[in-house]
Structures are given as C-alpha cells and as structure tokens.
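Raw target_1.pdb, PDB, C-alpha atoms, pLDDT in the B column:
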```
ATOM      1  CA  MET A  29       3.170   4.626 -17.786  1.00 34.00           C
ATOM      2  CA  ILE A  30       3.164   1.001 -18.897  1.00 35.00           C
ATOM      3  CA  ASN A  31       0.306  -1.409 -18.172  1.00 34.00           C
ATOM      4  CA  ILE A  32       1.422  -4.886 -17.173  1.00 34.00           C
ATOM      5  CA  LYS A  33      -0.337  -7.992 -15.866  1.00 35.00           C
ATOM      6  CA  VAL A  34       0.953  -9.759 -12.779  1.00 35.00           C
ATOM      7  CA  GLU A  35      -0.668 -12.975 -11.568  1.00 37.00           C
ATOM      8  CA  GLY A  36      -3.985 -12.049 -13.149  1.00 38.00           C
ATOM      9  CA  TYR A  37      -3.969  -8.502 -11.783  1.00 36.00           C
ATOM     10  CA  LYS A  38      -3.670  -5.549 -14.116  1.00 39.00           C
ATOM     11  CA  MET A  39      -1.041  -3.319 -12.590  1.00 38.00           C
ATOM     12  CA  GLU A  40       0.507  -0.112 -13.805  1.00 40.00           C
ATOM     13  CA  GLU A  41       4.243   0.320 -13.836  1.00 38.00           C
ATOM     14  CA  PHE A  42       5.282   3.830 -12.863  1.00 40.00           C
ATOM     15  CA  LYS A  43       8.687   5.034 -13.876  1.00 37.00           C
ATOM     16  CA  ASN A  44      10.677   7.155 -11.467  1.00 38.00           C
ATOM     17  CA  ASN A  45      12.596  10.004 -13.086  1.00 40.00           C
ATOM     18  CA  ASN A  46      15.698   9.169 -11.070  1.00 39.00           C
ATOM     19  CA  SER A  47      18.308   6.863 -12.509  1.00 38.00           C
ATOM     20  CA  TYR A  48      21.513   5.331 -11.231  1.00 37.00           C
ATOM     21  CA  THR A  49      24.567   3.578 -12.524  1.00 39.00           C
ATOM     22  CA  THR A  50      25.393   0.103 -11.281  1.00 43.00           C
ATOM     23  CA  ASP A  51      28.845  -0.647  -9.847  1.00 49.00           C
ATOM     24  CA  ASP A  52      29.378  -3.440 -12.374  1.00 48.00           C
ATOM     25  CA  SER A  53      29.025  -1.365 -15.542  1.00 49.00           C
ATOM     26  CA  ASP A  54      28.259   2.051 -16.894  1.00 52.00           C
ATOM     27  CA  VAL A  55      24.702   1.083 -17.834  1.00 51.00           C
ATOM     28  CA  GLN A  56      22.038   3.482 -16.558  1.00 52.00           C
ATOM     29  CA  ILE A  57      18.969   1.786 -15.132  1.00 46.00           C
ATOM     30  CA  GLU A  58      15.750   3.618 -14.355  1.00 55.00           C
ATOM     31  CA  ASN A  59      14.145   2.960 -10.980  1.00 51.00           C
ATOM     32  CA  VAL A  60      10.774   1.307 -11.518  1.00 52.00           C
ATOM     33  CA  SER A  61       8.041   0.959  -8.905  1.00 60.00           C
ATOM     34  CA  LEU A  62       5.089  -1.403  -9.182  1.00 67.00           C
ATOM     35  CA  ILE A  63       3.266   0.588  -6.511  1.00 77.00           C
ATOM     36  CA  LYS A  64       0.776   3.051  -7.914  1.00 82.00           C
ATOM     37  CA  PRO A  65       1.217   6.481  -6.286  1.00 83.00           C
ATOM     38  CA  SER A  66      -1.337   7.610  -3.720  1.00 86.00           C
ATOM     39  CA  THR A  67      -3.315  10.821  -4.040  1.00 79.00           C
ATOM     40  CA  THR A  68      -1.499  12.387  -1.099  1.00 87.00           C
ATOM     41  CA  ASP A  69      -2.638  15.876  -2.074  1.00 91.00           C
ATOM     42  CA  HIS A  70      -6.335  15.014  -1.623  1.00 94.00           C
ATOM     43  CA  PRO A  71      -7.820  16.740   1.456  1.00 95.00           C
ATOM     44  CA  LEU A  72      -9.158  13.409   2.796  1.00 97.00           C
ATOM     45  CA  TYR A  73      -5.891  11.499   2.371  1.00 96.00           C
ATOM     46  CA  ASN A  74      -4.588  11.987   5.942  1.00 97.00           C
ATOM     47  CA  ASN A  75      -7.974  11.043   7.418  1.00 97.00           C
ATOM     48  CA  VAL A  76      -8.014   7.839   5.371  1.00 98.00           C
ATOM     49  CA  VAL A  77      -4.466   7.043   6.520  1.00 97.00           C
ATOM     50  CA  GLU A  78      -5.504   7.550  10.148  1.00 98.00           C
ATOM     51  CA  ALA A  79      -8.484   5.229   9.592  1.00 98.00           C
ATOM     52  CA  CYS A  80      -6.176   2.579   8.104  1.00 97.00           C
ATOM     53  CA  LYS A  81      -3.968   2.876  11.183  1.00 97.00           C
ATOM     54  CA  THR A  82      -6.866   1.577  13.307  1.00 97.00           C
ATOM     55  CA  VAL A  83      -6.636  -1.831  11.582  1.00 97.00           C
ATOM     56  CA  PHE A  84      -4.172  -4.347  13.007  1.00 93.00           C
ATOM     57  CA  ASP A  85      -2.865  -7.655  11.765  1.00 86.00           C
ATOM     58  CA  PRO A  86      -3.982  -9.958  14.604  1.00 85.00           C
ATOM     59  CA  GLU A  87      -0.622 -11.753  14.606  1.00 83.00           C
ATOM     60  CA  ILE A  88       1.520  -8.579  14.746  1.00 86.00           C
ATOM     61  CA  PRO A  89       1.022  -5.765  17.289  1.00 87.00           C
ATOM     62  CA  VAL A  90       1.449  -3.001  14.670  1.00 92.00           C
ATOM     63  CA  ASN A  91      -1.182  -1.337  12.495  1.00 95.00           C
ATOM     64  CA  ILE A  92      -1.308  -2.346   8.841  1.00 95.00           C
ATOM     65  CA  TYR A  93      -0.340   1.112   7.556  1.00 96.00           C
ATOM     66  CA  ASP A  94       2.918   1.204   9.522  1.00 95.00           C
ATOM     67  CA  LEU A  95       3.539  -2.430   8.575  1.00 94.00           C
ATOM     68  CA  GLY A  96       3.587  -1.209   4.963  1.00 95.00           C
ATOM     69  CA  LEU A  97       0.620  -3.309   3.875  1.00 95.00           C
ATOM     70  CA  ILE A  98      -1.236  -0.312   2.445  1.00 96.00           C
ATOM     71  CA  TYR A  99       0.380   0.316  -0.930  1.00 96.00           C
ATOM     72  CA  THR A 100      -1.920   2.909  -2.497  1.00 95.00           C
ATOM     73  CA  ILE A 101      -4.718   5.174  -1.331  1.00 97.00           C
ATOM     74  CA  GLU A 102      -6.427   6.797  -4.285  1.00 96.00           C
ATOM     75  CA  ILE A 103      -9.318   9.190  -3.705  1.00 96.00           C
ATOM     76  CA  ASN A 104     -11.176  10.870  -6.540  1.00 96.00           C
ATOM     77  CA  ASP A 105     -13.054  14.176  -6.461  1.00 94.00           C
ATOM     78  CA  ASN A 106     -16.346  12.378  -5.709  1.00 95.00           C
ATOM     79  CA  GLY A 107     -14.927  10.864  -2.512  1.00 96.00           C
ATOM     80  CA  ASP A 108     -14.566   7.356  -3.909  1.00 97.00           C
ATOM     81  CA  ALA A 109     -11.533   5.621  -2.409  1.00 97.00           C
ATOM     82  CA  VAL A 110      -9.570   2.738  -3.901  1.00 97.00           C
ATOM     83  CA  ILE A 111      -7.062   1.123  -1.561  1.00 97.00           C
ATOM     84  CA  LEU A 112      -4.472  -1.325  -2.824  1.00 96.00           C
ATOM     85  CA  MET A 113      -2.981  -3.421  -0.081  1.00 95.00           C
ATOM     86  CA  SER A 114      -0.995  -6.579   0.399  1.00 94.00           C
ATOM     87  CA  LEU A 115      -0.570  -9.118   3.161  1.00 92.00           C
ATOM     88  CA  THR A 116       2.543 -10.324   4.950  1.00 89.00           C
ATOM     89  CA  ALA A 117       2.129 -13.717   3.262  1.00 87.00           C
ATOM     90  CA  PRO A 118      -0.270 -15.259   0.730  1.00 83.00           C
ATOM     91  CA  GLY A 119      -1.358 -17.838   3.318  1.00 85.00           C
ATOM     92  CA  CYS A 120      -2.335 -15.168   5.855  1.00 84.00           C
ATOM     93  CA  PRO A 121      -5.227 -16.602   7.909  1.00 85.00           C
ATOM     94  CA  VAL A 122      -7.174 -13.303   7.718  1.00 86.00           C
ATOM     95  CA  ALA A 123      -6.683 -12.797   3.971  1.00 85.00           C
ATOM     96  CA  GLU A 124     -10.416 -12.921   3.319  1.00 89.00           C
ATOM     97  CA  ASP A 125     -11.311 -10.672   6.255  1.00 92.00           C
ATOM     98  CA  MET A 126      -8.738  -7.890   6.217  1.00 94.00           C
ATOM     99  CA  PRO A 127     -10.026  -5.998   3.135  1.00 95.00           C
ATOM    100  CA  GLY A 128     -13.406  -5.770   4.868  1.00 96.00           C
ATOM    101  CA  TRP A 129     -11.764  -4.491   8.038  1.00 97.00           C
ATOM    102  CA  VAL A 130     -10.010  -1.769   6.047  1.00 97.00           C
ATOM    103  CA  SER A 131     -13.205  -0.859   4.214  1.00 97.00           C
ATOM    104  CA  ASP A 132     -15.152  -0.725   7.495  1.00 97.00           C
ATOM    105  CA  ALA A 133     -12.488   1.554   9.011  1.00 98.00           C
ATOM    106  CA  VAL A 134     -12.422   3.965   6.051  1.00 98.00           C
ATOM    107  CA  LYS A 135     -16.167   4.171   5.242  1.00 97.00           C
ATOM    108  CA  PRO A 136     -16.984   6.415   8.253  1.00 97.00           C
ATOM    109  CA  VAL A 137     -14.422   9.066   7.193  1.00 97.00           C
ATOM    110  CA  ASN A 138     -16.415  12.217   6.546  1.00 97.00           C
ATOM    111  CA  GLY A 139     -16.404  12.895   2.786  1.00 97.00           C
ATOM    112  CA  ILE A 140     -15.727   9.315   1.687  1.00 97.00           C
ATOM    113  CA  LYS A 141     -18.610   8.046  -0.455  1.00 97.00           C
ATOM    114  CA  SER A 142     -17.371   4.537  -1.293  1.00 97.00           C
ATOM    115  CA  VAL A 143     -14.401   2.303  -0.541  1.00 97.00           C
ATOM    116  CA  ASN A 144     -12.957  -0.460  -2.713  1.00 97.00           C
ATOM    117  CA  VAL A 145     -10.109  -2.453  -1.142  1.00 97.00           C
ATOM    118  CA  GLU A 146      -8.079  -4.750  -3.376  1.00 95.00           C
ATOM    119  CA  ILE A 147      -5.388  -7.252  -2.392  1.00 94.00           C
ATOM    120  CA  VAL A 148      -2.329  -7.187  -4.635  1.00 93.00           C
ATOM    121  CA  TRP A 149       0.679  -9.501  -4.520  1.00 90.00           C
ATOM    122  CA  GLU A 150       3.152  -7.464  -6.545  1.00 90.00           C
ATOM    123  CA  PRO A 151       5.380  -6.176  -5.326  1.00 90.00           C
ATOM    124  CA  GLN A 152       5.665  -8.794  -2.624  1.00 90.00           C
ATOM    125  CA  TRP A 153       5.544  -7.313   0.869  1.00 91.00           C
ATOM    126  CA  GLY A 154       8.862  -7.237   2.698  1.00 89.00           C
ATOM    127  CA  MET A 155      10.076  -6.026   6.069  1.00 89.00           C
ATOM    128  CA  ASP A 156      11.759  -3.094   4.333  1.00 89.00           C
ATOM    129  CA  MET A 157       8.260  -1.657   3.724  1.00 92.00           C
ATOM    130  CA  MET A 158       7.649  -1.120   7.443  1.00 91.00           C
ATOM    131  CA  SER A 159       7.819   2.376   8.899  1.00 92.00           C
ATOM    132  CA  ASP A 160      10.520   3.217  11.422  1.00 92.00           C
ATOM    133  CA  GLU A 161       7.817   3.206  14.123  1.00 90.00           C
ATOM    134  CA  ALA A 162       6.873  -0.371  13.235  1.00 91.00           C
ATOM    135  CA  ARG A 163      10.493  -1.508  13.209  1.00 90.00           C
ATOM    136  CA  LEU A 164      11.039   0.074  16.608  1.00 89.00           C
ATOM    137  CA  GLU A 165       7.853  -1.495  18.027  1.00 88.00           C
ATOM    138  CA  LEU A 166       8.917  -4.932  16.765  1.00 88.00           C
ATOM    139  CA  GLY A 167      12.492  -4.575  18.003  1.00 88.00           C
ATOM    140  CA  PHE A 168      14.197  -4.292  14.605  1.00 84.00           C
ATOM    141  CA  MET A 169      15.852  -0.954  15.443  1.00 76.00           C
TER     142      MET A 169
END
```
Whole structure, structure tokens version:
Amino acid sequence: MINIKVEGYKMEEFKNNNSYTTDDSDVQIENVSLIKPSTTDHPLYNNVVEACKTVFDPEIPVNIYDLGLIYTIEINDNGDAVILMSLTAPGCPVAEDMPGWVSDAVKPVNGIKSVNVEIVWEPQWGMDMMSDEARLELGFM
C-alpha cells in the first residue's frame, strides 16, 4: 500500500494483483485503484448498503449507491462506520447536505455506533461507476 495526497486529501493507493500487457508494447502495467476496499465481510455491511440505497440525488431518480457515489464502506469491530463518497460533479448543489443525508440514513442501522462520511474527489466519478440497475433506470442500456 502506498499513501498519496490528492487535492489535500490523504488517500491510499491499493495495488491489484492482476496485471496486463498493453497492445502498444510488451510492458506489464499493474492495475491500480484509488478506491479503498470496503469491509464487505463485516456482518453489518449489507445493512449499511441498504441504508445508503435510501438516499437519492435530487436531480437523478436513482439512489446514490447504484449511481456509484459510495466508494468505500468501512466498518470496524466497534461498529464505527467510515463512508467515502463522491458527487457527480464538484459544483453539485447538495454537496454540503448529502454527507449528512448519508449519515442520517446509516446511523439507525442496528449495531452502528458512529458514522463519518467524507467526500472525496479522486477518482473522479464517471458514468462507468453506475450499477447496471442505474444504467437501465436512466436509459443507458
């Protein structure tokens, strides 16, 4: 793991064990993700995901989880949750409100003791981060 700073945020770069060869040369390049992995094996993970799915971007009729705005859900053994999320654009009119909406949705999950929601801008959100359900709902499939 390599710690890097992006636009004032301390992020961790996680290396994927897979590699590939580009068409242009025989150089092997490792896949690198700037998204910290979620604790998907935590017993509360699915409940937190379902809570996140109750939050909608007011300009888009799809929940923020299926939009791909929730990057990381990390839950420790004490029930403290850290959620890293992004927005569709830096100028999003609800940028100040949405982290509170997510926190308010997750706090009632039985077993969650605290919730910290952080906005991150790297990697930049793109339509490729949407789930198939979101693409279908928005007419992209």
Under the PyMOL selection byres ((chain A and resi 82) around 10), which residues of this model are included? Write them out as a ChimeraX atom specification. /A:77-81,83-84,90-93,129-130,133-134
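Listed by chain and then by number, the residues chosen by the PyMOL selection byres ((chain A and resi 149) around 10) in this file are Val34, Glu35, Tyr37, Leu112, Met113, Ser114, Leu115, Thr116, Ala117, Pro118, Ile147, Val148, Glu150, Pro151, Gln152 and Trp153 of chain A.
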As a ChimeraX atom specification, please: the residues near Ile101 in chain A (cut-off 9 Å, only C-alpha atoms, same-chain neighbours under 3 positions excluded). /A:64-68,73,76-77,98,109-113
Within 9 Å of (6.7, -2.9, 6.7) (file coordinates; only C-alpha atoms), which protein or nucleic acid residues are there? I'd like them as number ranges by chain. A: 92-97, 116, 153-160, 162-163
Evaluate the PyMOL selection byres ((chain A and resi 143) around 7) on the structure here and hand back the selected residues as a ChimeraX atom specification. /A:108-110,131,135,142,144-145
